[in-house]
Each structure stands twice: as structure tokens, then as C-alpha cells.
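Reading through the C-alpha cells given below for one structure.
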Amino acid sequence: MEATIEEITKALDSERTPLISVLHAVQAELGYLSTEGLKIVAKKLDIPLSKVYGVATFYTLLDTEEKGENVIRLCESAPCHIKGATNILTELQDKLDIDVGETTDDNKFSLEMTSCLGICAVAPAIMINGTVYGNLTSKKLDSILDRY
Amino acid sequence: MRNCGHIDPENIKDYITRDGYQALGTVVTELKPIEVIEIIEQSGLRGRGGAGFPTGLKWKFTHQAAGKEKYVVANADEGEPGTSKDRLIMEGDPHSLLEAMAIAGYAIGANTGYIYIRGEYQLAIKRLKIAIAQAKEMGLLGENLFDSGFNFEIKIREGAGAYVCGEETALLKSIEGERGEPQVKPPYPTNEGLWGQPTLINNVETLANIAVIIREGAEWFNEIGTEGCPGTKVFTLSGDVENEGIIELPMGTPLRRIIEGFGGGMVDDKEFKVAQSGGSSGGCMPKELLDTPMDYDSLAEIGMTLGSGALLVMDETHCIVDIAKCLMQFFKHESCGKCVPCREGNKRLYNRLDKISKGEGELEDLERLRDLADTMSKTALCGLGQMAPTSIYTTLKYFKDEYLTHIEDNNCTTGSCRGLVDLEVQDKRGGKDYGNNN
Ligand SMILES: Cc1cc2nc3c(=O)[nH]c(=O)nc-3n(C[C@H](O)[C@H](O)[C@H](O)COP(=O)(O)O)c2cc1C
Ligand code: FES
């Protein structure tokens with residue numbers, strides 16, 4: 001882990017205040033930002049751990065807890081809401097048998113809520129990891145989940 | 001958006017064929033910085049990020065400010081729910097943003113630009129990176145542009161999922177690697193911005209207007225739109241209209257024309273009920289206001305906002321209390337927690353609305369909603385808390401009856417408030433049909 005993080009901080013060395021870019025890259029590499037990982041980041045960038053931790057917990061796309069292999073983020077903003085996002089939520093909860101903030105027993109999916117994903121014309125929408133899906137229906141949801 | 005769909009966004013030659021980088025060339029070889037600023041001032045362009053601040057004036061302030069170094073920052077955080085115009089501009093015409101940033105850099109005296117873009121916009125990030133690399137290769141970014149001695153480089157910073165980071169001072173904190181919390185103004189970023197240096201922050205759509213204004217002239221721009229708000233506005237139309245999507249129209253186009261003419265009218269010919277203009281922090285416009293010209297001034301006059309140009313159109317099947325609750329859920333989640341009026345206010349607004357939606361509301365709740373809204377709009381630190389109650393004000397004004405039906409009759413006529421709908425009805429609505437568009 002230390003070597004990976006060192007490589008990342010070196011690559012971003014030319015940036016002034018690279019903390020958030022580093023955290024993005026560390027998460028992409030290691031899955032989530034563990035306490036141990038944050039400690040190494042703090043050391044490499046010579047920033048107090050408290051600050052690194054404060055930043056990591058401020059942003060919703062940065063995870064300080066281990067999540068499932070795939071993170072499903074369901075949009076709960078108004079344009080999706082009026083197109084039935086609440087029904088999609090119920091559907092996801094039933095299909096995955098988990099609540100928002102939880103991970104399935106096989107560690108395959110975590111379920112989270114998010115604000116607008118910027119694809120409101122095809123509401124309701126979800127984002128799985130970095131990919132967005134719109135115009136969701138129950139059937140479509142099944143076929144999307146099958147891909148993971 | 002003139003190039004979106006007409007060019008290959010991953011090929012700089014397409015952009016150049018359509019007069020791309022011509023304005024930058026003219027600016028750095030023929031014009032003095034102050035002359036560039038004068039053109040932008042004369043054009044009357046106002047910021048498209050929400051507040052409508054005169055762009056030329058902002059450029060002038062940053063130009064005049066003293067600093068070791070200056071910066072240009074493009075606000076591409078686009079977090080306002082129901083808005084995706086900046087994404088389209090960046091995905092479809094990324095060079096228009098880069099060219100404008102270089103022009104702005106020349107005008108204010110900056111050699112570095114940052115694009116602060118939300119982390120969710122992966123395709124736009126990819127296209128911008130390609131665009132920057134191609135522009136550098138062709139000598140349109142980098143050192144000594146057009147042999148003028150002017151240098152300009154552009155860097156991308158990815159946001160990490162926080163609506164408040166769209167607010168300019170929070171955005172700068174985020175680039176500085178801190179928690180994205182808004183700061184007390186003044187000092188304004190034009191004087192003390194990124195790393196304490198004078199910084200120009202403009203929205204992506206604002207910047208996308210720059211090159212074309214330089215090329216076609218301020219007068220040409222003046223002729224589009226209204227007197228106080230020249231130019232076009234890009235609207236993101238969503239909700240219960242036939243054609244959802246993004247459309248660029250002259251400022252001041254009436255709401256009715258946008259919905260009927262460009263949105264193709266309501267889905268299934270249902271009755272129009274309300275349109276929320278400006279995103280979650282915008283006001284809710286009832287049928288009586290359908291003929292309002294959509295520009296900053298006309299909307300401000302009636303307590304509404306143009307904001308980001310988001311237009312969420314809803315038909316008669318949606319409940320006002322349910323919508324208001326959904327909006328407050330958003331603000332409750334996105335409040336950064338730094339100031340008390342916003343942190344507590346949004347929570348309490350949400351709780352009152354939740355109570356009303358469950359049939360437990362009392363008449364005095366409406367008074368309390370208004371009091372809370374007043375406190376927040378007067379005392380919150382930044383625009384998030386100040387604008388969060390806009391939907392409360394406007395729905396209490398135009399849809400008070402609907403609140404009263406929930407409170408006095410324990411009834412939600414649309415069936416949206418699940419707590420108030422009997423089980424039989426809920427079964428029908430809870431089937432596999434997710435709304436009108438699928
Ligand atoms: C809570 C909040 C969120 C904002 N979000 C955005 C945003 O996503 N994009 C944007 O361009 N401006 C946003 N703004 C406005 C910016 O603070 C700033 O006014 C704008 O970037 C200035 O650019 P302009 O003059 O070109 O409009 C937001 C403001 C507030 C208070
Ligand atoms: S509201 Fe869900 S994607 Fe915009």
C-alpha cells in the first residue's frame with residue numbers, strides 16, 4: 001500500500017495542493033480510503049492526519065469505509081423523484097435485500113443515494129461505479145444488475 | 001452550444017474549421033487586455049452560473065487587482081439539480097471553453113487556468129483532457145501563443161461530490177485541497193482568490209459565449225435577448241414534457257413558449273401544474289406565470305430565479321408538499337454544516353414538511369415554515385442556505401390550498417404522500433409503471 005501511495009503522490013508532485021487528486025487516485029487504486037491509507041497520505045504529503053481525514057469525510061465520492069465491489073448510487077433529486085425514483089429505490093432494496101448505506105452479503109453491491117447526476121432528461125437515473133444509466137424501469141434494472 | 005453535434009469534440013481540427021481559436025489569435029496579437037474587457041462589458045454578458053453578475057465588470061476587477069500571480073477558474077461543478085447544460089458544452093464543444101479561458105487569462109493577466117469539474121462527469125473530463133492535449137500540440141495553449149509572448153496553461157481539478165463546492169469560495173477551498181466550505185465575503189475572489197491571489201471565476205456557459213462575442217462583436221450579441229439580459233440562455237428542460245433535453249434560446253423567451261414550443265407540450269396532454277425554474281434553489285411557478293419572460297430581471301421582479309436555467313415541469317399528478325419535501329431533503333444533505341441557520345434550518349424545514357406529508361401537520365407549521373425561511377434567507381453564510389427556502393416561499397404563496405388540504409383534511413389528492421394514501425390506492429400506484437415516460 002505504501003508503495004502505491006508513494007507512486008501516486010510522486011506523479012502529482014508538480015501540483016500545488018494535490019490532496020484531493022491524491023485521494024481520488026488512491027481510492028481508484030485501493031478501493032476505498034482506509035485509516036491506514038490516510039495515514040500514509042498524510043505522511044507523504046506532510047499534512048496533519050486530522051486534515052486529511054476531515055477532507056476525506058467531507059466529500060461524498062470519497063469513501064472512508066469499505067464498500068461492496070460495485071457502488072450503486074440512486075439519484076434522489078427532484079427531476080428523478082417525480083419520475084418515480086422512490087419506486088426504483090423500493091425495487092433495489094427488494095432485489096438486493098439491503099437498505100441504503102448497506103452492502104450485500106456476497107459483497108457485490110452497496111447502495112447509496114446521491115444528488116442529481118446531470119442526466120435528468122432520462123430520469124430516473126442511477127450511477128454504478130463511474131457509469132450512469134437512465135430511463136430506468138423494473139425490467140431494465142434487472143438487466144443492468146445482471147451485468148455486474 | 002453552436003458547435004455541439006456539428007463537430008467531433010475529440011478532433012481540434014473540426015473546431016478550427018468553424019473559426020475556432022480565431023478570437024484568441026485576434027485578442028493576443030491585436031488587442032490590449034483592457035480593450036478585450038471593454039468588448040465584453042459592451043456586450044452586456046451576465047454570468048450564467050446563477051447570479052447574473054456582469055461578466056465584463058468581473059473581468060475588470062480582476063484585471064485591476066494587484067497580485068503576484070492571477071488565475072482563471074472555470075466553474076464546471078454543475079451541481080444544481082435538473083441542470084446538465086455545462087456537461088453538454090464540455091462534451092460537445094470543449095475547445096470553446098479552453099479558448100475562452102485563454103482569452104480571459106490574457107485580459108486579466110493570468111497564465112494559469114483551472115477547470116473545476118464535478119467527479120461525476122467522466123466523459124466530459126476525458127474530452128477536456130484530449131482537447132487540452134491537442135491544443136497544446138498545435139501551440140494554441142502553452143507558451144508564446146501566436147508569437148505574442150503570452151503563455152497560458154489549463155489544468156483540470158476533479159470535484160468529489162459536494163453541491164456546495166459550486167459556490168465560488170468553497171470551490172477555491174476545494175482546489176486548495178481543503179474541505180469545500182464557503183468563506184465570508186468580502187474579500188471577493190477577484191481580489192483574494194486561489195491561494196490568496198486575484199482569481200476570475202466564471203461559469204462554463206458564460207465562458208462559452210466569449211469567443212463568439214469577440215468574433216461577431218458586442219453589438220451582434222446585444223441584439224439577441226432582452227435589453228438588460230442580452231444573448232442566449234441554455235435551458236435544461238426536464239419533467240413531464242414530451243421533449244426533455246437541453247435547448248439554447250434568446251433570453252426572455254416566455255416560459256409557455258419553452259414548454260409548448262420546444263418541450264412539445266405536456267406528456268399525455270395532462271394539465272400543467274407548476275414549473276420550478278433555476279433548479280432546487282429556484283422558485284415554483286404556477287399556471288398564472290406561464291407568460292413570464294425567462295430572464296434574470298423579469299424573474300427577480302416576481303420573486304423567482306433564472307438560476308442555472310433548469311426548468312422542471314410538473315403536471316397535475318404531483319403533490320406540492322411532496323416536492324417541497326424532496327427539495328429540502330436535498331438541502332439537508334448538501335448543507336456543509338458550517339453555519340447554523342443552514343445546517344439547522346434545512347433540517348427543520350424538512351421535518352415540518354415530513355410531518356405535514358404524514359397528515360400530522362398543524363396550521364402553525366405553515367407559520368413556522370415561513371419564519372424559518374426568513375431566518376435562513378437573512379442569516380445564512382452563503383447562497384445555499386439563503387436560497388434553499390425559495391421553493392417554500394413560492395409554494396406557500398401559490399399553492400397554500402394544497403398545504404391546507406394536507407393539514408385540515410388529512411388528504412393528499414395526488415396520492416404522492418405515501419403516509420396519507422390508503423393501501424388500496426398505494427398498491428395501484430406502486431406497480432411497475434414508473435411514470436409517464438417509459
Ligand atoms: C450553493 C451554490 C452552488 C453553486 N453552484 C454553482 C455551479 O454548480 N456552477 C456555477 O457555475 N456556479 C455555481 N454557483 C455560483 C458561483 O458561486 C459563482 O457565482 C459563479 O460561478 C460565477 O460565474 P458567472 O459569473 O459566470 O455566473 C453556486 C452558488 C451557490 C451559492
Ligand atoms: S435529477 Fe436525477 S439525474 Fe438529475
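Naming works like this for the C-alpha cells: A, B, ... for the chains as they're shown, residue 1 at the start of each chain, ligands 1 onward in shown order.
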
When you look at segment 405-420 of chain B with a cut-off of 8 Å (counting only C-alpha atoms), what residues show up, excluding the ones that are within fewer than 5 positions of it in the same chain? I need them as a PDB file with N, CA, C and O atoms, in the first residue's frame.
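around27.pdb written:
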```pdb
ATOM      1  N   GLU B 316     -50.360  17.766 -13.173  1.00  0.00           N
ATOM      2  CA  GLU B 316     -51.289  17.738 -12.048  1.00  0.00           C
ATOM      3  C   GLU B 316     -51.145  16.530 -11.128  1.00  0.00           C
ATOM      4  O   GLU B 316     -51.698  16.501 -10.033  1.00  0.00           O
ATOM      5  N   THR B 317     -50.409  15.510 -11.561  1.00  0.00           N
ATOM      6  CA  THR B 317     -50.317  14.310 -10.724  1.00  0.00           C
ATOM      7  C   THR B 317     -49.297  14.438  -9.595  1.00  0.00           C
ATOM      8  O   THR B 317     -49.126  13.517  -8.809  1.00  0.00           O
ATOM      9  N   HIS B 318     -48.598  15.567  -9.539  1.00  0.00           N
ATOM     10  CA  HIS B 318     -47.581  15.711  -8.486  1.00  0.00           C
ATOM     11  C   HIS B 318     -48.048  16.610  -7.357  1.00  0.00           C
ATOM     12  O   HIS B 318     -48.750  17.590  -7.581  1.00  0.00           O
ATOM     13  N   CYS B 319     -47.614  16.242  -6.165  1.00  0.00           N
ATOM     14  CA  CYS B 319     -48.054  16.951  -4.967  1.00  0.00           C
ATOM     15  C   CYS B 319     -46.999  17.978  -4.542  1.00  0.00           C
ATOM     16  O   CYS B 319     -45.812  17.670  -4.488  1.00  0.00           O
ATOM     17  N   VAL B 321     -46.501  19.397  -1.610  1.00  0.00           N
ATOM     18  CA  VAL B 321     -45.848  19.113  -0.324  1.00  0.00           C
ATOM     19  C   VAL B 321     -44.743  18.065  -0.523  1.00  0.00           C
ATOM     20  O   VAL B 321     -43.637  18.188   0.000  1.00  0.00           O
ATOM     21  N   ASP B 322     -45.059  17.080  -1.325  1.00  0.00           N
ATOM     22  CA  ASP B 322     -44.086  16.022  -1.600  1.00  0.00           C
ATOM     23  C   ASP B 322     -42.848  16.575  -2.317  1.00  0.00           C
ATOM     24  O   ASP B 322     -41.716  16.228  -1.983  1.00  0.00           O
ATOM     25  N   ILE B 356     -46.221  17.302   7.799  1.00  0.00           N
ATOM     26  CA  ILE B 356     -47.417  17.640   7.016  1.00  0.00           C
ATOM     27  C   ILE B 356     -47.737  16.518   6.028  1.00  0.00           C
ATOM     28  O   ILE B 356     -48.888  16.127   5.853  1.00  0.00           O
ATOM     29  N   SER B 357     -46.701  15.945   5.429  1.00  0.00           N
ATOM     30  CA  SER B 357     -46.946  14.914   4.418  1.00  0.00           C
ATOM     31  C   SER B 357     -47.523  13.642   5.043  1.00  0.00           C
ATOM     32  O   SER B 357     -48.084  12.803   4.350  1.00  0.00           O
ATOM     33  N   LYS B 358     -47.352  13.502   6.344  1.00  0.00           N
ATOM     34  CA  LYS B 358     -47.886  12.304   7.008  1.00  0.00           C
ATOM     35  C   LYS B 358     -49.243  12.561   7.621  1.00  0.00           C
ATOM     36  O   LYS B 358     -49.788  11.713   8.337  1.00  0.00           O
ATOM     37  N   GLY B 359     -49.793  13.759   7.417  1.00  0.00           N
ATOM     38  CA  GLY B 359     -51.099  14.066   7.966  1.00  0.00           C
ATOM     39  C   GLY B 359     -51.040  14.497   9.418  1.00  0.00           C
ATOM     40  O   GLY B 359     -52.039  14.518  10.122  1.00  0.00           O
ATOM     41  N   GLU B 360     -49.836  14.823   9.897  1.00  0.00           N
ATOM     42  CA  GLU B 360     -49.713  15.230  11.301  1.00  0.00           C
ATOM     43  C   GLU B 360     -49.483  16.721  11.423  1.00  0.00           C
ATOM     44  O   GLU B 360     -49.105  17.230  12.477  1.00  0.00           O
ATOM     45  N   GLY B 361     -49.654  17.447  10.324  1.00  0.00           N
ATOM     46  CA  GLY B 361     -49.367  18.876  10.338  1.00  0.00           C
ATOM     47  C   GLY B 361     -50.433  19.691  11.060  1.00  0.00           C
ATOM     48  O   GLY B 361     -51.584  19.266  11.207  1.00  0.00           O
ATOM     49  N   GLU B 362     -50.005  20.864  11.554  1.00  0.00           N
ATOM     50  CA  GLU B 362     -50.953  21.795  12.167  1.00  0.00           C
ATOM     51  C   GLU B 362     -50.804  23.121  11.442  1.00  0.00           C
ATOM     52  O   GLU B 362     -49.784  23.364  10.809  1.00  0.00           O
ATOM     53  N   LEU B 363     -51.809  23.980  11.617  1.00  0.00           N
ATOM     54  CA  LEU B 363     -51.771  25.259  10.912  1.00  0.00           C
ATOM     55  C   LEU B 363     -50.528  26.062  11.254  1.00  0.00           C
ATOM     56  O   LEU B 363     -49.941  26.724  10.409  1.00  0.00           O
ATOM     57  N   VAL B 425     -55.052   2.307  -2.797  1.00  0.00           N
ATOM     58  CA  VAL B 425     -54.570   3.230  -3.820  1.00  0.00           C
ATOM     59  C   VAL B 425     -53.078   3.055  -4.010  1.00  0.00           C
ATOM     60  O   VAL B 425     -52.564   3.026  -5.116  1.00  0.00           O
ATOM     61  N   GLN B 426     -52.381   2.890  -2.891  1.00  0.00           N
ATOM     62  CA  GLN B 426     -50.934   2.781  -2.967  1.00  0.00           C
ATOM     63  C   GLN B 426     -50.520   1.581  -3.819  1.00  0.00           C
ATOM     64  O   GLN B 426     -49.579   1.648  -4.586  1.00  0.00           O
TER      65      GLN B 426
END
```

Next item on the list: List the neighbours of segment 76-90 of chain B out to 7 Å using only C-alpha atoms; skip same-chain residues closer than 5 positions along the sequence, and give me the result as a list of chain:residue names.
Entry: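 Counting only C-alpha atoms, the residues come to A:Ser77, A:Pro79, A:Cys116, A:Gly118, A:Ile119, A:Cys120, B:Met1, B:Cys4, B:Ile115, B:Tyr116, B:Ile117, B:Arg118, B:Ala124, B:Leu128, B:Tyr163, B:Gly166, B:Asn203, B:Val204, B:Glu205, B:Val234, B:Thr236, B:Ser238, B:Ile246, B:Gly279, B:Ser280, B:Ser308, B:Ala310, B:Leu312.
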
Residues from last step as file, N, CA, C and O atoms, as a compact mmCIF listing (two decimals), in the first residue's frame:
```txt
# COMPACT_ATOMS: atom_id res chain seq x y z
N SER A 77 -32.74 13.52 -6.49
CA SER A 77 -33.13 14.92 -6.71
C SER A 77 -34.49 15.01 -7.41
O SER A 77 -34.99 14.02 -7.95
N PRO A 79 -36.02 16.10 -10.25
CA PRO A 79 -36.42 15.58 -11.56
C PRO A 79 -36.52 14.05 -11.57
O PRO A 79 -37.40 13.49 -12.23
N CYS A 116 -28.44 14.97 -7.91
CA CYS A 116 -28.53 14.97 -9.38
C CYS A 116 -27.24 14.56 -10.08
O CYS A 116 -26.16 15.06 -9.80
N GLY A 118 -26.90 14.86 -13.34
CA GLY A 118 -26.77 15.65 -14.56
C GLY A 118 -27.27 14.94 -15.82
O GLY A 118 -26.89 15.29 -16.93
N ILE A 119 -28.12 13.94 -15.66
CA ILE A 119 -28.73 13.30 -16.84
C ILE A 119 -30.24 13.24 -16.65
O ILE A 119 -30.90 12.26 -16.98
N CYS A 120 -30.79 14.36 -16.16
CA CYS A 120 -32.19 14.41 -15.74
C CYS A 120 -33.18 14.17 -16.87
O CYS A 120 -34.33 13.81 -16.64
N MET B 1 -23.53 26.89 -27.59
CA MET B 1 -23.69 25.49 -27.99
C MET B 1 -23.62 25.35 -29.51
O MET B 1 -23.96 24.31 -30.04
N CYS B 4 -22.09 22.17 -30.82
CA CYS B 4 -22.44 20.85 -30.28
C CYS B 4 -23.18 20.03 -31.33
O CYS B 4 -24.19 20.48 -31.89
N ILE B 115 -9.92 24.17 -14.50
CA ILE B 115 -11.32 23.79 -14.70
C ILE B 115 -11.68 22.92 -13.52
O ILE B 115 -11.11 21.84 -13.32
N TYR B 116 -12.61 23.42 -12.70
CA TYR B 116 -13.06 22.61 -11.57
C TYR B 116 -14.33 21.89 -11.98
O TYR B 116 -15.38 22.49 -12.15
N ILE B 117 -14.22 20.60 -12.19
CA ILE B 117 -15.33 19.84 -12.77
C ILE B 117 -15.79 18.75 -11.82
O ILE B 117 -14.96 18.11 -11.17
N ARG B 118 -17.09 18.54 -11.75
CA ARG B 118 -17.57 17.53 -10.81
C ARG B 118 -17.11 16.13 -11.23
O ARG B 118 -17.05 15.80 -12.42
N ALA B 124 -17.00 14.10 -19.89
CA ALA B 124 -16.56 15.47 -20.12
C ALA B 124 -15.09 15.63 -19.73
O ALA B 124 -14.31 16.28 -20.42
N LEU B 128 -12.17 16.84 -22.25
CA LEU B 128 -11.39 18.04 -21.95
C LEU B 128 -9.90 17.71 -21.96
O LEU B 128 -9.08 18.49 -22.46
N TYR B 163 -22.32 19.53 -3.49
CA TYR B 163 -23.03 20.59 -4.20
C TYR B 163 -22.48 21.96 -3.84
O TYR B 163 -22.32 22.83 -4.70
N GLY B 166 -19.89 24.24 -5.74
CA GLY B 166 -20.19 25.11 -6.87
C GLY B 166 -20.14 26.57 -6.46
O GLY B 166 -19.97 27.46 -7.29
N ASN B 203 -18.70 30.74 -14.91
CA ASN B 203 -19.39 29.51 -15.26
C ASN B 203 -19.01 29.08 -16.69
O ASN B 203 -18.64 29.91 -17.52
N VAL B 204 -19.14 27.80 -16.96
CA VAL B 204 -18.79 27.25 -18.28
C VAL B 204 -19.60 27.92 -19.40
O VAL B 204 -19.06 28.31 -20.43
N GLU B 205 -20.90 28.07 -19.17
CA GLU B 205 -21.74 28.66 -20.23
C GLU B 205 -21.37 30.13 -20.46
O GLU B 205 -21.35 30.59 -21.61
N VAL B 234 -29.04 28.83 -22.08
CA VAL B 234 -29.23 27.40 -22.30
C VAL B 234 -30.11 26.84 -21.17
O VAL B 234 -29.77 26.96 -19.99
N THR B 236 -32.18 23.66 -19.36
CA THR B 236 -32.28 22.20 -19.27
C THR B 236 -33.72 21.89 -18.90
O THR B 236 -34.18 22.19 -17.80
N SER B 238 -36.73 19.45 -18.07
CA SER B 238 -36.99 18.07 -17.64
C SER B 238 -38.38 17.99 -17.03
O SER B 238 -39.05 18.99 -16.85
N ILE B 246 -31.90 19.71 -23.66
CA ILE B 246 -31.20 20.97 -23.47
C ILE B 246 -31.43 21.85 -24.68
O ILE B 246 -31.33 21.39 -25.81
N GLY B 279 -33.52 25.27 -10.79
CA GLY B 279 -33.01 24.15 -10.01
C GLY B 279 -33.63 24.09 -8.63
O GLY B 279 -34.60 24.80 -8.34
N SER B 280 -33.05 23.30 -7.75
CA SER B 280 -33.65 23.09 -6.43
C SER B 280 -33.73 24.36 -5.61
O SER B 280 -34.55 24.50 -4.72
N SER B 308 -29.62 28.48 -12.85
CA SER B 308 -28.79 27.75 -13.81
C SER B 308 -29.52 27.50 -15.12
O SER B 308 -28.95 26.92 -16.03
N ALA B 310 -32.28 25.64 -15.19
CA ALA B 310 -33.01 24.37 -15.06
C ALA B 310 -34.50 24.67 -15.08
O ALA B 310 -34.95 25.64 -14.49
N LEU B 312 -37.90 22.46 -14.43
CA LEU B 312 -38.53 21.18 -14.11
C LEU B 312 -40.05 21.38 -14.19
O LEU B 312 -40.62 22.12 -13.39
```

Margin query: I want to know what sits within 12 Å of Glu29 of chain A, based on only C-alpha atoms, with residues of the same chain fewer than 6 positions away left out; could you give that as number ranges by chain?
Written below: A: 1-5, 7-8, 22-23, 37

Only C-alpha atoms, please: the residues just picked out, written as a short mmCIF file (atom, residue, chain, number, x, y, z; two decimals), in the first residue's frame.
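The result, stored in out.cif:
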```
data_model
loop_
_atom_site.label_atom_id
_atom_site.label_comp_id
_atom_site.auth_asym_id
_atom_site.auth_seq_id
_atom_site.Cartn_x
_atom_site.Cartn_y
_atom_site.Cartn_z
CA MET A 1 0.00 0.00 0.00
CA GLU A 2 2.79 2.39 0.91
CA ALA A 3 4.49 1.90 -2.45
CA THR A 4 1.23 2.52 -4.38
CA ILE A 5 0.53 5.71 -2.48
CA GLU A 7 3.82 6.40 -6.62
CA ILE A 8 0.60 8.43 -6.70
CA VAL A 22 -4.29 12.13 -4.46
CA LEU A 23 -7.30 10.83 -2.54
CA GLY A 37 -4.08 4.62 3.74
#
```

Checklist line | Pick from A:Val55, A:Ile88, A:Leu145, A:Ile126, whichever lies nearest to chain B using only C-alpha atoms | finding: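 The closest residue to chain B is A:Val55.
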
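With distances taken over only C-alpha atoms, B:His333 is the one residue among B:Lys129, B:Lys270, B:His333, B:Arg18 lying closest to chain A.
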
Checklist line | Test item: chain A residues at most 7 Å from chain B, counting only C-alpha atoms, as a ChimeraX atom specification | finding: /A:17-20,54-55,58-62,77-79,83-84,87,115-121,135,137-138

Next item on the list: Give the residues close to ligand 1, within 6 Å, counting only C-alpha atoms and all ligand atoms; write them as number ranges by chain.
Entry: B: 47-53, 55, 75-80, 164, 166-168, 201-203, 206, 382-384

Item checked: d(atom CA of Lys139 of chain A, atom CA of Val122 of chain A) in Å ->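 Answer for the atom CA of Lys139 of chain A to atom CA of Val122 of chain A separation: 15.8 Å.
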
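The nearest approach to ligand 2 among the residues A:Glu65, A:Glu76, A:Glu6, A:Glu36, with only C-alpha atoms and all ligand atoms taken into account, belongs to A:Glu76.
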
Next item on the list: Please identify all polymer residues within 8 Å of Glu69 of chain A, counting only C-alpha atoms, omitting same-chain residues fewer than 6 positions from it, and present them as a count of residues only.
Entry: 4
